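> The structure that follows is given in the form of C-alpha cells.
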Protein chains: 2
Amino acid sequence: MKKDVLDEKVIGIEENFRNASWRIKLKGREILGDFDITPPQFNALYMLTCDDGNMTIGELSSKMYLACSTVTDLLDRMERNQLVARVKDEKDRRVVRIKVLEKGHNMIEDVLENRRKYIAETLDGLSDDMIDSVFEVMKMLNEKMSI
Amino acid sequence: MKKDVLDEKVIGIEENFRNASWRIKLKGREILGDFDITPPQFNALYMLTCDDGNMTIGELSSKMYLACSTVTDLLDRMERNQLVARVKDEKDRRVVRIKVLEKGHNMIEDVLENRRKYIAETLDGLSDDMIDSVFEVMKMLNEKMSI
C-alpha cells in the first residue's frame, strides 16, 4: 500500500474508532442517571473494580489525577449510595482501603451489558460474514496492541 | 447466526473494543506528561475544542460533572499554561467564556497524531486486505452508530 493511501486509512481508522468508542461509552452510561451516579463516580468505581478493592484514597486520587479532597467527596457520596465501603487494612489498621460492594459490581456489569446491547443493535441486519469480520478485526487489533 | 454464537461474538467485540480503545487513549496521552498537563485538564481542553470556544465555566462543569470550584482550579492552571483564556462575551460583558488558545489546539492535534502513529504501528506488517478490512469495519460501525 502506498504511504499516502495508508496515511488516509489510518486517519479514517483513528477518527471512526474514536467516534464509535465515544458512542458506545455514552450508550453504556445512559443508565447511570437512573442510579444517581455521576460519570466521575463511575470512573472511580471502574478503576476500583479493576484493582479488586485494594486501593487507598491517595492511590485513587493519583490515578484519577484529582485532588484528594475531590475524590474524598466522590467516595462519601458513593459510600452513602452503598456502592463502596471504606475498610481498614488488616495488616496495618491505620491504612484505609476502598472496597467495591455488590451494588457497585452490579452497576459495572449493567453498564457493560448496555454496551453489549448497543453493539448487538448496531450489528443487527449485517451478514454473518460481516459480523465475523468485526469480531476478527477487533480481536486482532487488541491482540497486536497487547504485545 | 445462532443466538448463542452471536452473543459470544458480541461479548468479544465489546471487550476487545474497550481494551483497544483504552490502549489507544493511553498511547495518545503519553505525551501529556511532557507538557505539564493532567488528564482532567486534557479532558476539559478536548471538550472546549469540540465546542469551539463558547463554553462558560458553569457549562463545562456540568459537562464534566465536577464542581465549579474544581473546574475553576483546572482552568486557572490551564490559563497559566497558556492553553486557554477567559474571554468576556461580546454581547453580554458579564458572561465569561473559555477560549482555546493556539497552544491548546496544537496539543489536541499532537495527541491525535500520537494515536494515529500507534494505530499505524499496530497495522504494520498486515496485508493490504487486512488493513482495508480494519478501515471498512471501523467506517461501517461508526456510520451505523451515527444514524
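Chain identifiers are assigned as A, B, and so on, following the order in which chains appear in the C-alpha cells; residues are numbered from 1 within each chain, and ligands are numbered from 1 in order of appearance.
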What are the closest atom pairs, with distances in Å to one decimal, for all residues of chain A lying within 7 Å of chain B? Consider only C-alpha atoms, order rows by chain and residue number, and present the result as JSON lines.

```
{"residue": "A:Met1", "atom": "CA", "partner": "B:Asp128", "partner_atom": "CA", "distance": 6.1}
{"residue": "A:Lys9", "atom": "CA", "partner": "B:Phe135", "partner_atom": "CA", "distance": 6.2}
{"residue": "A:Val10", "atom": "CA", "partner": "B:Arg116", "partner_atom": "CA", "distance": 6.2}
{"residue": "A:Ile11", "atom": "CA", "partner": "B:Arg116", "partner_atom": "CA", "distance": 6.5}
{"residue": "A:Gly12", "atom": "CA", "partner": "B:Phe135", "partner_atom": "CA", "distance": 6.9}
{"residue": "A:Ile13", "atom": "CA", "partner": "B:Phe135", "partner_atom": "CA", "distance": 5.4}
{"residue": "A:Glu14", "atom": "CA", "partner": "B:Arg116", "partner_atom": "CA", "distance": 6.0}
{"residue": "A:Asn16", "atom": "CA", "partner": "B:Asn142", "partner_atom": "CA", "distance": 5.6}
{"residue": "A:Phe17", "atom": "CA", "partner": "B:Met138", "partner_atom": "CA", "distance": 6.0}
{"residue": "A:Asn19", "atom": "CA", "partner": "B:Asn142", "partner_atom": "CA", "distance": 6.6}
{"residue": "A:Ala20", "atom": "CA", "partner": "B:Asn142", "partner_atom": "CA", "distance": 5.1}
{"residue": "A:Ser21", "atom": "CA", "partner": "B:Ser21", "partner_atom": "CA", "distance": 6.8}
{"residue": "A:Thr38", "atom": "CA", "partner": "B:Tyr65", "partner_atom": "CA", "distance": 6.5}
{"residue": "A:Pro39", "atom": "CA", "partner": "B:Tyr65", "partner_atom": "CA", "distance": 6.7}
{"residue": "A:Pro40", "atom": "CA", "partner": "B:Tyr65", "partner_atom": "CA", "distance": 6.8}
{"residue": "A:Tyr65", "atom": "CA", "partner": "B:Thr38", "partner_atom": "CA", "distance": 6.5}
{"residue": "A:Arg116", "atom": "CA", "partner": "B:Glu14", "partner_atom": "CA", "distance": 6.0}
{"residue": "A:Ile119", "atom": "CA", "partner": "B:Val10", "partner_atom": "CA", "distance": 6.8}
{"residue": "A:Ala120", "atom": "CA", "partner": "B:Val10", "partner_atom": "CA", "distance": 6.3}
{"residue": "A:Thr122", "atom": "CA", "partner": "B:Lys144", "partner_atom": "CA", "distance": 6.1}
{"residue": "A:Asp128", "atom": "CA", "partner": "B:Met1", "partner_atom": "CA", "distance": 6.1}
{"residue": "A:Val134", "atom": "CA", "partner": "B:Val137", "partner_atom": "CA", "distance": 5.9}
{"residue": "A:Phe135", "atom": "CA", "partner": "B:Ile13", "partner_atom": "CA", "distance": 5.4}
{"residue": "A:Val137", "atom": "CA", "partner": "B:Val134", "partner_atom": "CA", "distance": 5.9}
{"residue": "A:Met138", "atom": "CA", "partner": "B:Asn16", "partner_atom": "CA", "distance": 5.6}
{"residue": "A:Lys139", "atom": "CA", "partner": "B:Asn16", "partner_atom": "CA", "distance": 5.8}
{"residue": "A:Leu141", "atom": "CA", "partner": "B:Ala20", "partner_atom": "CA", "distance": 6.7}
{"residue": "A:Asn142", "atom": "CA", "partner": "B:Ala20", "partner_atom": "CA", "distance": 5.0}
{"residue": "A:Lys144", "atom": "CA", "partner": "B:Thr122", "partner_atom": "CA", "distance": 6.1}
{"residue": "A:Met145", "atom": "CA", "partner": "B:Thr122", "partner_atom": "CA", "distance": 6.4}
```
> Restricting the output to N, CA and C atoms, write the selected residues as a PDB file, in the first residue's frame.

```
ATOM      1  N   MET A   1       0.845  -1.200   0.000  1.00  0.00           N
ATOM      2  CA  MET A   1       0.000   0.000   0.000  1.00  0.00           C
ATOM      3  C   MET A   1       0.885   1.257   0.000  1.00  0.00           C
ATOM      4  N   LYS A   9      -5.964   5.940   5.332  1.00  0.00           N
ATOM      5  CA  LYS A   9      -6.684   4.863   6.033  1.00  0.00           C
ATOM      6  C   LYS A   9      -6.518   5.022   7.539  1.00  0.00           C
ATOM      7  N   VAL A  10      -5.279   5.315   7.958  1.00  0.00           N
ATOM      8  CA  VAL A  10      -5.003   5.447   9.394  1.00  0.00           C
ATOM      9  C   VAL A  10      -5.797   6.610   9.981  1.00  0.00           C
ATOM     10  N   ILE A  11      -5.854   7.727   9.247  1.00  0.00           N
ATOM     11  CA  ILE A  11      -6.633   8.881   9.721  1.00  0.00           C
ATOM     12  C   ILE A  11      -8.100   8.477   9.887  1.00  0.00           C
ATOM     13  N   GLY A  12      -8.625   7.748   8.896  1.00  0.00           N
ATOM     14  CA  GLY A  12     -10.016   7.298   8.957  1.00  0.00           C
ATOM     15  C   GLY A  12     -10.257   6.316  10.094  1.00  0.00           C
ATOM     16  N   ILE A  13      -9.333   5.379  10.269  1.00  0.00           N
ATOM     17  CA  ILE A  13      -9.491   4.386  11.349  1.00  0.00           C
ATOM     18  C   ILE A  13      -9.503   5.087  12.696  1.00  0.00           C
ATOM     19  N   GLU A  14      -8.546   5.992  12.906  1.00  0.00           N
ATOM     20  CA  GLU A  14      -8.462   6.689  14.201  1.00  0.00           C
ATOM     21  C   GLU A  14      -9.751   7.454  14.478  1.00  0.00           C
ATOM     22  N   ASN A  16     -12.855   7.148  13.095  1.00  0.00           N
ATOM     23  CA  ASN A  16     -14.037   6.298  13.264  1.00  0.00           C
ATOM     24  C   ASN A  16     -13.986   5.515  14.570  1.00  0.00           C
ATOM     25  N   PHE A  17     -12.785   5.076  14.928  1.00  0.00           N
ATOM     26  CA  PHE A  17     -12.613   4.353  16.193  1.00  0.00           C
ATOM     27  C   PHE A  17     -12.979   5.260  17.371  1.00  0.00           C
ATOM     28  N   ASN A  19     -14.852   8.003  17.390  1.00  0.00           N
ATOM     29  CA  ASN A  19     -16.283   8.318  17.426  1.00  0.00           C
ATOM     30  C   ASN A  19     -17.116   7.138  17.914  1.00  0.00           C
ATOM     31  N   ALA A  20     -16.820   5.939  17.387  1.00  0.00           N
ATOM     32  CA  ALA A  20     -17.595   4.759  17.775  1.00  0.00           C
ATOM     33  C   ALA A  20     -17.406   4.482  19.262  1.00  0.00           C
ATOM     34  N   SER A  21     -16.161   4.621  19.712  1.00  0.00           N
ATOM     35  CA  SER A  21     -15.850   4.386  21.114  1.00  0.00           C
ATOM     36  C   SER A  21     -16.624   5.346  22.017  1.00  0.00           C
ATOM     37  N   THR A  38     -22.723   9.884  39.086  1.00  0.00           N
ATOM     38  CA  THR A  38     -22.184  10.754  38.030  1.00  0.00           C
ATOM     39  C   THR A  38     -21.032  10.043  37.305  1.00  0.00           C
ATOM     40  N   PRO A  39     -20.675  10.521  36.099  1.00  0.00           N
ATOM     41  CA  PRO A  39     -19.554   9.910  35.377  1.00  0.00           C
ATOM     42  C   PRO A  39     -18.238   9.842  36.170  1.00  0.00           C
ATOM     43  N   PRO A  40     -17.837  10.928  36.896  1.00  0.00           N
ATOM     44  CA  PRO A  40     -16.589  10.768  37.667  1.00  0.00           C
ATOM     45  C   PRO A  40     -16.708   9.677  38.739  1.00  0.00           C
ATOM     46  N   TYR A  65      -5.974  11.673  38.829  1.00  0.00           N
ATOM     47  CA  TYR A  65      -5.359  12.994  38.702  1.00  0.00           C
ATOM     48  C   TYR A  65      -6.280  14.075  39.263  1.00  0.00           C
ATOM     49  N   ARG A 116     -22.992  -3.915  25.380  1.00  0.00           N
ATOM     50  CA  ARG A 116     -23.166  -5.090  24.502  1.00  0.00           C
ATOM     51  C   ARG A 116     -24.470  -4.994  23.731  1.00  0.00           C
ATOM     52  N   ILE A 119     -24.044  -2.647  20.884  1.00  0.00           N
ATOM     53  CA  ILE A 119     -23.241  -3.253  19.810  1.00  0.00           C
ATOM     54  C   ILE A 119     -24.096  -4.258  19.041  1.00  0.00           C
ATOM     55  N   ALA A 120     -24.883  -5.065  19.758  1.00  0.00           N
ATOM     56  CA  ALA A 120     -25.754  -6.051  19.098  1.00  0.00           C
ATOM     57  C   ALA A 120     -26.752  -5.351  18.175  1.00  0.00           C
ATOM     58  N   THR A 122     -26.287  -2.505  16.743  1.00  0.00           N
ATOM     59  CA  THR A 122     -25.522  -1.974  15.610  1.00  0.00           C
ATOM     60  C   THR A 122     -25.249  -3.064  14.575  1.00  0.00           C
ATOM     61  N   ASP A 128     -23.629 -12.689   8.386  1.00  0.00           N
ATOM     62  CA  ASP A 128     -22.757 -13.417   9.317  1.00  0.00           C
ATOM     63  C   ASP A 128     -21.284 -13.129   9.016  1.00  0.00           C
ATOM     64  N   VAL A 134     -16.073  -8.080  11.882  1.00  0.00           N
ATOM     65  CA  VAL A 134     -15.969  -7.134  13.006  1.00  0.00           C
ATOM     66  C   VAL A 134     -15.261  -7.819  14.169  1.00  0.00           C
ATOM     67  N   PHE A 135     -15.695  -9.042  14.458  1.00  0.00           N
ATOM     68  CA  PHE A 135     -15.103  -9.803  15.573  1.00  0.00           C
ATOM     69  C   PHE A 135     -13.604 -10.005  15.351  1.00  0.00           C
ATOM     70  N   VAL A 137     -11.489  -8.412  13.355  1.00  0.00           N
ATOM     71  CA  VAL A 137     -10.719  -7.162  13.344  1.00  0.00           C
ATOM     72  C   VAL A 137     -10.465  -6.674  14.776  1.00  0.00           C
ATOM     73  N   MET A 138     -11.505  -6.690  15.612  1.00  0.00           N
ATOM     74  CA  MET A 138     -11.344  -6.189  16.976  1.00  0.00           C
ATOM     75  C   MET A 138     -10.405  -7.083  17.782  1.00  0.00           C
ATOM     76  N   LYS A 139     -10.517  -8.407  17.544  1.00  0.00           N
ATOM     77  CA  LYS A 139      -9.646  -9.364  18.252  1.00  0.00           C
ATOM     78  C   LYS A 139      -8.188  -9.138  17.837  1.00  0.00           C
ATOM     79  N   LEU A 141      -6.793  -6.439  16.501  1.00  0.00           N
ATOM     80  CA  LEU A 141      -6.259  -5.156  16.988  1.00  0.00           C
ATOM     81  C   LEU A 141      -5.860  -5.264  18.455  1.00  0.00           C
ATOM     82  N   ASN A 142      -6.754  -5.826  19.248  1.00  0.00           N
ATOM     83  CA  ASN A 142      -6.466  -5.920  20.685  1.00  0.00           C
ATOM     84  C   ASN A 142      -5.261  -6.809  20.950  1.00  0.00           C
ATOM     85  N   LYS A 144      -2.719  -7.425  18.870  1.00  0.00           N
ATOM     86  CA  LYS A 144      -1.496  -6.740  18.441  1.00  0.00           C
ATOM     87  C   LYS A 144      -1.119  -5.610  19.399  1.00  0.00           C
ATOM     88  N   MET A 145      -2.131  -5.007  20.024  1.00  0.00           N
ATOM     89  CA  MET A 145      -1.846  -3.920  20.972  1.00  0.00           C
ATOM     90  C   MET A 145      -1.384  -4.438  22.333  1.00  0.00           C
TER      91      MET A 145
END
```
> Can you superpose chain A onto chain B by least squares over all C-alpha atoms paired in order and give the moved copy as a CSV table (one decimal) with C-alpha atoms, in the first residue's frame?

```csv
chain,number,residue,atom,x,y,z
A,1,MET,CA,-26.0,-16.9,13.1
A,2,LYS,CA,-27.4,-18.8,16.2
A,3,LYS,CA,-28.2,-16.6,19.1
A,4,ASP,CA,-25.6,-18.1,21.5
A,5,VAL,CA,-22.9,-17.8,18.8
A,6,LEU,CA,-23.9,-14.1,18.2
A,7,ASP,CA,-23.9,-13.4,21.9
A,8,GLU,CA,-20.4,-14.8,22.2
A,9,LYS,CA,-19.2,-12.6,19.3
A,10,VAL,CA,-20.8,-9.5,20.8
A,11,ILE,CA,-19.1,-10.2,24.2
A,12,GLY,CA,-15.8,-10.5,22.4
A,13,ILE,CA,-16.3,-7.4,20.3
A,14,GLU,CA,-17.3,-5.3,23.3
A,15,GLU,CA,-14.3,-6.5,25.4
A,16,ASN,CA,-11.7,-6.1,22.6
A,17,PHE,CA,-13.1,-2.8,21.6
A,18,ARG,CA,-12.9,-1.5,25.1
A,19,ASN,CA,-9.4,-2.7,25.6
A,20,ALA,CA,-8.1,-1.4,22.3
A,21,SER,CA,-9.8,1.9,22.9
A,22,TRP,CA,-8.1,2.1,26.3
A,23,ARG,CA,-4.7,1.4,24.9
A,24,ILE,CA,-5.1,4.0,22.1
A,25,LYS,CA,-6.2,6.5,24.6
A,26,LEU,CA,-3.2,5.9,26.9
A,27,LYS,CA,-0.7,5.9,24.0
A,28,GLY,CA,-2.2,9.2,22.6
A,29,ARG,CA,-1.9,10.8,26.0
A,30,GLU,CA,1.7,9.6,26.7
A,31,ILE,CA,3.0,12.9,25.5
A,32,LEU,CA,0.9,14.9,28.0
A,33,GLY,CA,3.5,14.5,30.8
A,34,ASP,CA,6.0,16.5,28.7
A,35,PHE,CA,3.5,19.4,28.5
A,36,ASP,CA,2.7,19.6,32.2
A,37,ILE,CA,-1.0,18.9,31.7
A,38,THR,CA,-3.1,16.3,33.6
A,39,PRO,CA,-5.8,14.0,32.1
A,40,PRO,CA,-8.7,16.0,33.6
A,41,GLN,CA,-7.2,19.2,32.1
A,42,PHE,CA,-6.9,17.4,28.8
A,43,ASN,CA,-10.5,16.3,29.0
A,44,ALA,CA,-11.5,19.8,29.6
A,45,LEU,CA,-9.4,21.0,26.7
A,46,TYR,CA,-10.9,18.4,24.4
A,47,MET,CA,-14.5,19.3,25.4
A,48,LEU,CA,-13.7,23.0,24.9
A,49,THR,CA,-12.2,22.4,21.5
A,50,CYS,CA,-15.3,20.4,20.4
A,51,ASP,CA,-17.5,23.3,21.4
A,52,ASP,CA,-15.4,25.8,19.6
A,53,GLY,CA,-14.7,28.1,22.5
A,54,ASN,CA,-18.1,29.1,23.5
A,55,MET,CA,-18.5,27.4,26.9
A,56,THR,CA,-18.8,29.1,30.2
A,57,ILE,CA,-17.3,27.6,33.4
A,58,GLY,CA,-20.7,26.5,34.5
A,59,GLU,CA,-21.4,24.7,31.2
A,60,LEU,CA,-18.0,23.0,31.3
A,61,SER,CA,-18.5,22.0,35.0
A,62,SER,CA,-21.9,20.3,34.2
A,63,LYS,CA,-20.4,18.6,31.1
A,64,MET,CA,-17.5,17.2,33.3
A,65,TYR,CA,-19.9,16.5,36.2
A,66,LEU,CA,-17.4,18.3,38.5
A,67,ALA,CA,-17.9,21.1,41.0
A,68,CYS,CA,-17.4,24.6,39.6
A,69,SER,CA,-14.6,25.1,42.1
A,70,THR,CA,-12.7,22.1,40.8
A,71,VAL,CA,-13.1,23.2,37.2
A,72,THR,CA,-12.1,26.8,38.1
A,73,ASP,CA,-8.9,25.4,39.6
A,74,LEU,CA,-8.2,23.3,36.4
A,75,LEU,CA,-8.8,26.3,34.2
A,76,ASP,CA,-6.5,28.6,36.4
A,77,ARG,CA,-3.6,26.2,35.8
A,78,MET,CA,-4.5,25.8,32.1
A,79,GLU,CA,-4.6,29.6,31.7
A,80,ARG,CA,-1.2,29.9,33.3
A,81,ASN,CA,0.0,27.3,30.9
A,82,GLN,CA,-1.4,29.4,28.0
A,83,LEU,CA,-3.7,26.6,26.8
A,84,VAL,CA,-6.9,28.6,27.3
A,85,ALA,CA,-8.0,32.2,28.0
A,86,ARG,CA,-11.1,33.6,29.8
A,87,VAL,CA,-12.8,36.0,27.4
A,88,LYS,CA,-15.7,38.3,28.1
A,89,ASP,CA,-18.8,37.6,26.0
A,90,GLU,CA,-19.2,40.4,23.4
A,91,LYS,CA,-23.0,40.6,23.7
A,92,ASP,CA,-23.1,40.3,27.5
A,93,ARG,CA,-19.9,41.5,29.3
A,94,ARG,CA,-20.9,39.8,32.5
A,95,VAL,CA,-20.6,36.4,30.9
A,96,VAL,CA,-17.1,34.8,30.7
A,97,ARG,CA,-16.4,32.3,28.0
A,98,ILE,CA,-13.4,30.0,27.7
A,99,LYS,CA,-11.4,30.2,24.5
A,100,VAL,CA,-8.9,27.6,23.5
A,101,LEU,CA,-5.5,29.2,22.5
A,102,GLU,CA,-3.2,28.1,19.7
A,103,LYS,CA,-1.1,26.0,22.1
A,104,GLY,CA,-4.2,24.2,23.2
A,105,HIS,CA,-5.3,23.4,19.7
A,106,ASN,CA,-1.7,22.2,18.9
A,107,MET,CA,-1.8,19.9,21.9
A,108,ILE,CA,-5.0,18.2,20.8
A,109,GLU,CA,-3.6,17.7,17.4
A,110,ASP,CA,-0.4,16.3,18.9
A,111,VAL,CA,-2.4,13.8,20.9
A,112,LEU,CA,-4.4,12.8,17.8
A,113,GLU,CA,-1.2,12.4,15.8
A,114,ASN,CA,0.2,10.1,18.6
A,115,ARG,CA,-2.9,8.0,18.4
A,116,ARG,CA,-2.5,7.7,14.6
A,117,LYS,CA,1.1,6.8,15.0
A,118,TYR,CA,0.2,4.0,17.4
A,119,ILE,CA,-2.5,2.7,15.1
A,120,ALA,CA,0.0,2.7,12.2
A,121,GLU,CA,2.4,0.7,14.2
A,122,THR,CA,-0.3,-1.7,15.1
A,123,LEU,CA,-1.2,-2.2,11.4
A,124,ASP,CA,2.5,-2.5,10.4
A,125,GLY,CA,3.1,-5.9,8.8
A,126,LEU,CA,-0.5,-6.6,8.0
A,127,SER,CA,-1.6,-7.3,4.4
A,128,ASP,CA,-3.3,-4.6,2.4
A,129,ASP,CA,-6.5,-6.6,2.5
A,130,MET,CA,-6.4,-6.8,6.3
A,131,ILE,CA,-5.8,-3.0,6.6
A,132,ASP,CA,-8.7,-2.4,4.3
A,133,SER,CA,-10.8,-4.7,6.5
A,134,VAL,CA,-9.9,-2.7,9.6
A,135,PHE,CA,-10.8,0.5,7.7
A,136,GLU,CA,-14.1,-0.8,6.4
A,137,VAL,CA,-15.2,-2.3,9.7
A,138,MET,CA,-14.5,0.9,11.7
A,139,LYS,CA,-16.2,3.1,9.0
A,140,MET,CA,-19.2,0.8,8.9
A,141,LEU,CA,-19.6,0.7,12.7
A,142,ASN,CA,-19.3,4.5,13.0
A,143,GLU,CA,-21.8,5.0,10.2
A,144,LYS,CA,-24.3,2.6,11.7
A,145,MET,CA,-23.9,4.3,15.1
A,146,SER,CA,-24.4,7.8,13.7
A,147,ILE,CA,-27.9,7.0,12.4
```
> Enumerate as an NGL selection string all residues of chain B assigned to strand (DSSP E) by DSSP on the backbone, naming them with the chain letters and numbers the document uses.
:B and (84-88 or 96-100)
> How about saving the chosen residues, C-alpha atoms kept, as a PDB file, in the first residue's frame?

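result26.pdb written:
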```
ATOM      1  CA  VAL B  84      -6.940  28.617  27.296  1.00  0.00           C
ATOM      2  CA  ALA B  85      -8.043  32.163  28.016  1.00  0.00           C
ATOM      3  CA  ARG B  86     -11.079  33.588  29.772  1.00  0.00           C
ATOM      4  CA  VAL B  87     -12.797  35.994  27.389  1.00  0.00           C
ATOM      5  CA  LYS B  88     -15.741  38.311  28.087  1.00  0.00           C
ATOM      6  CA  VAL B  96     -17.108  34.848  30.707  1.00  0.00           C
ATOM      7  CA  ARG B  97     -16.408  32.250  28.011  1.00  0.00           C
ATOM      8  CA  ILE B  98     -13.388  29.967  27.713  1.00  0.00           C
ATOM      9  CA  LYS B  99     -11.414  30.174  24.512  1.00  0.00           C
ATOM     10  CA  VAL B 100      -8.854  27.551  23.489  1.00  0.00           C
TER      11      VAL B 100
END
```
> If you run DSSP on the backbone, which residues of chain A are alpha helix (DSSP H), as a compact mmCIF listing (two decimals) with C-alpha atoms, in the first residue's frame?

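Resulting contents of part_12.txt:
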```
# COMPACT_ATOMS: atom_id res chain seq x y z
CA LYS A 3 2.26 5.66 2.02
CA ASP A 4 -0.30 8.36 1.23
CA VAL A 5 -3.10 5.77 0.87
CA LEU A 6 -2.06 4.14 4.16
CA ASP A 7 -1.95 7.54 5.89
CA GLU A 8 -5.51 8.25 4.72
CA LYS A 9 -6.68 4.86 6.03
CA VAL A 10 -5.00 5.45 9.39
CA ILE A 11 -6.63 8.88 9.72
CA GLY A 12 -10.02 7.30 8.96
CA ILE A 13 -9.49 4.39 11.35
CA GLU A 14 -8.46 6.69 14.20
CA GLU A 15 -11.41 9.02 13.68
CA ASN A 16 -14.04 6.30 13.26
CA PHE A 17 -12.61 4.35 16.19
CA ARG A 18 -12.71 7.45 18.41
CA ASN A 19 -16.28 8.32 17.43
CA ALA A 20 -17.59 4.76 17.78
CA SER A 21 -15.85 4.39 21.11
CA TRP A 22 -17.44 7.63 22.32
CA ARG A 23 -20.92 6.48 21.25
CA ILE A 24 -20.55 3.09 22.94
CA LYS A 25 -19.35 4.82 26.10
CA LEU A 26 -22.30 7.23 26.15
CA LYS A 27 -24.82 4.44 25.44
CA GLY A 28 -23.34 2.22 28.13
CA ARG A 29 -23.61 5.02 30.66
CA PRO A 39 -19.55 9.91 35.38
CA PRO A 40 -16.59 10.77 37.67
CA GLN A 41 -18.10 8.47 40.32
CA PHE A 42 -18.48 5.76 37.70
CA ASN A 43 -14.86 6.26 36.58
CA ALA A 44 -13.75 5.84 40.17
CA LEU A 45 -15.91 2.72 40.54
CA TYR A 46 -14.48 1.22 37.34
CA MET A 47 -10.89 1.87 38.44
CA LEU A 48 -11.59 0.41 41.87
CA THR A 49 -13.14 -2.72 40.33
CA CYS A 50 -10.12 -3.26 38.06
CA ILE A 57 -7.85 7.20 48.59
CA GLY A 58 -4.37 8.55 47.81
CA GLU A 59 -3.81 5.90 45.14
CA LEU A 60 -7.21 6.50 43.57
CA SER A 61 -6.62 10.28 43.59
CA SER A 62 -3.35 9.94 41.75
CA LYS A 63 -4.90 7.50 39.24
CA MET A 64 -7.72 9.99 38.59
CA CYS A 68 -7.68 14.02 47.45
CA SER A 69 -10.43 16.34 48.68
CA THR A 70 -12.36 15.95 45.39
CA VAL A 71 -12.00 12.16 45.50
CA THR A 72 -12.96 12.05 49.20
CA ASP A 73 -16.13 13.91 48.29
CA LEU A 74 -16.88 11.45 45.43
CA LEU A 75 -16.33 8.49 47.75
CA ASP A 76 -18.54 9.96 50.51
CA ARG A 77 -21.45 10.07 48.08
CA MET A 78 -20.64 6.61 46.72
CA GLU A 79 -20.47 5.19 50.24
CA ARG A 80 -23.87 6.72 51.09
CA GLU A 102 -22.13 -5.87 45.45
CA LYS A 103 -24.27 -2.97 44.22
CA GLY A 104 -21.14 -1.41 42.71
CA HIS A 105 -20.12 -4.60 40.92
CA ASN A 106 -23.68 -5.00 39.60
CA MET A 107 -23.62 -1.45 38.27
CA ILE A 108 -20.41 -2.07 36.32
CA GLU A 109 -21.95 -5.25 34.90
CA ASP A 110 -25.15 -3.36 33.94
CA VAL A 111 -23.12 -0.75 32.06
CA LEU A 112 -21.14 -3.45 30.23
CA GLU A 113 -24.43 -5.20 29.38
CA ASN A 114 -25.80 -1.93 27.99
CA ARG A 115 -22.68 -1.54 25.83
CA ARG A 116 -23.17 -5.09 24.50
CA LYS A 117 -26.84 -4.42 23.77
CA TYR A 118 -25.90 -1.35 21.75
CA ILE A 119 -23.24 -3.25 19.81
CA ALA A 120 -25.75 -6.05 19.10
CA GLU A 121 -28.24 -3.46 17.80
CA THR A 122 -25.52 -1.97 15.61
CA LEU A 123 -24.70 -5.40 14.15
CA ASP A 128 -22.76 -13.42 9.32
CA ASP A 129 -19.56 -12.78 7.34
CA MET A 130 -19.60 -9.09 8.23
CA ILE A 131 -20.21 -9.86 11.93
CA ASP A 132 -17.29 -12.31 11.80
CA SER A 133 -15.20 -9.59 10.19
CA VAL A 134 -15.97 -7.13 13.01
CA PHE A 135 -15.10 -9.80 15.57
CA GLU A 136 -11.83 -10.75 13.87
CA VAL A 137 -10.72 -7.16 13.34
CA MET A 138 -11.34 -6.19 16.98
CA LYS A 139 -9.65 -9.36 18.25
CA MET A 140 -6.64 -8.83 16.02
CA LEU A 141 -6.26 -5.16 16.99
CA ASN A 142 -6.47 -5.92 20.68
CA GLU A 143 -4.00 -8.81 20.38
CA LYS A 144 -1.50 -6.74 18.44
CA MET A 145 -1.85 -3.92 20.97
CA SER A 146 -1.29 -6.27 23.93
```
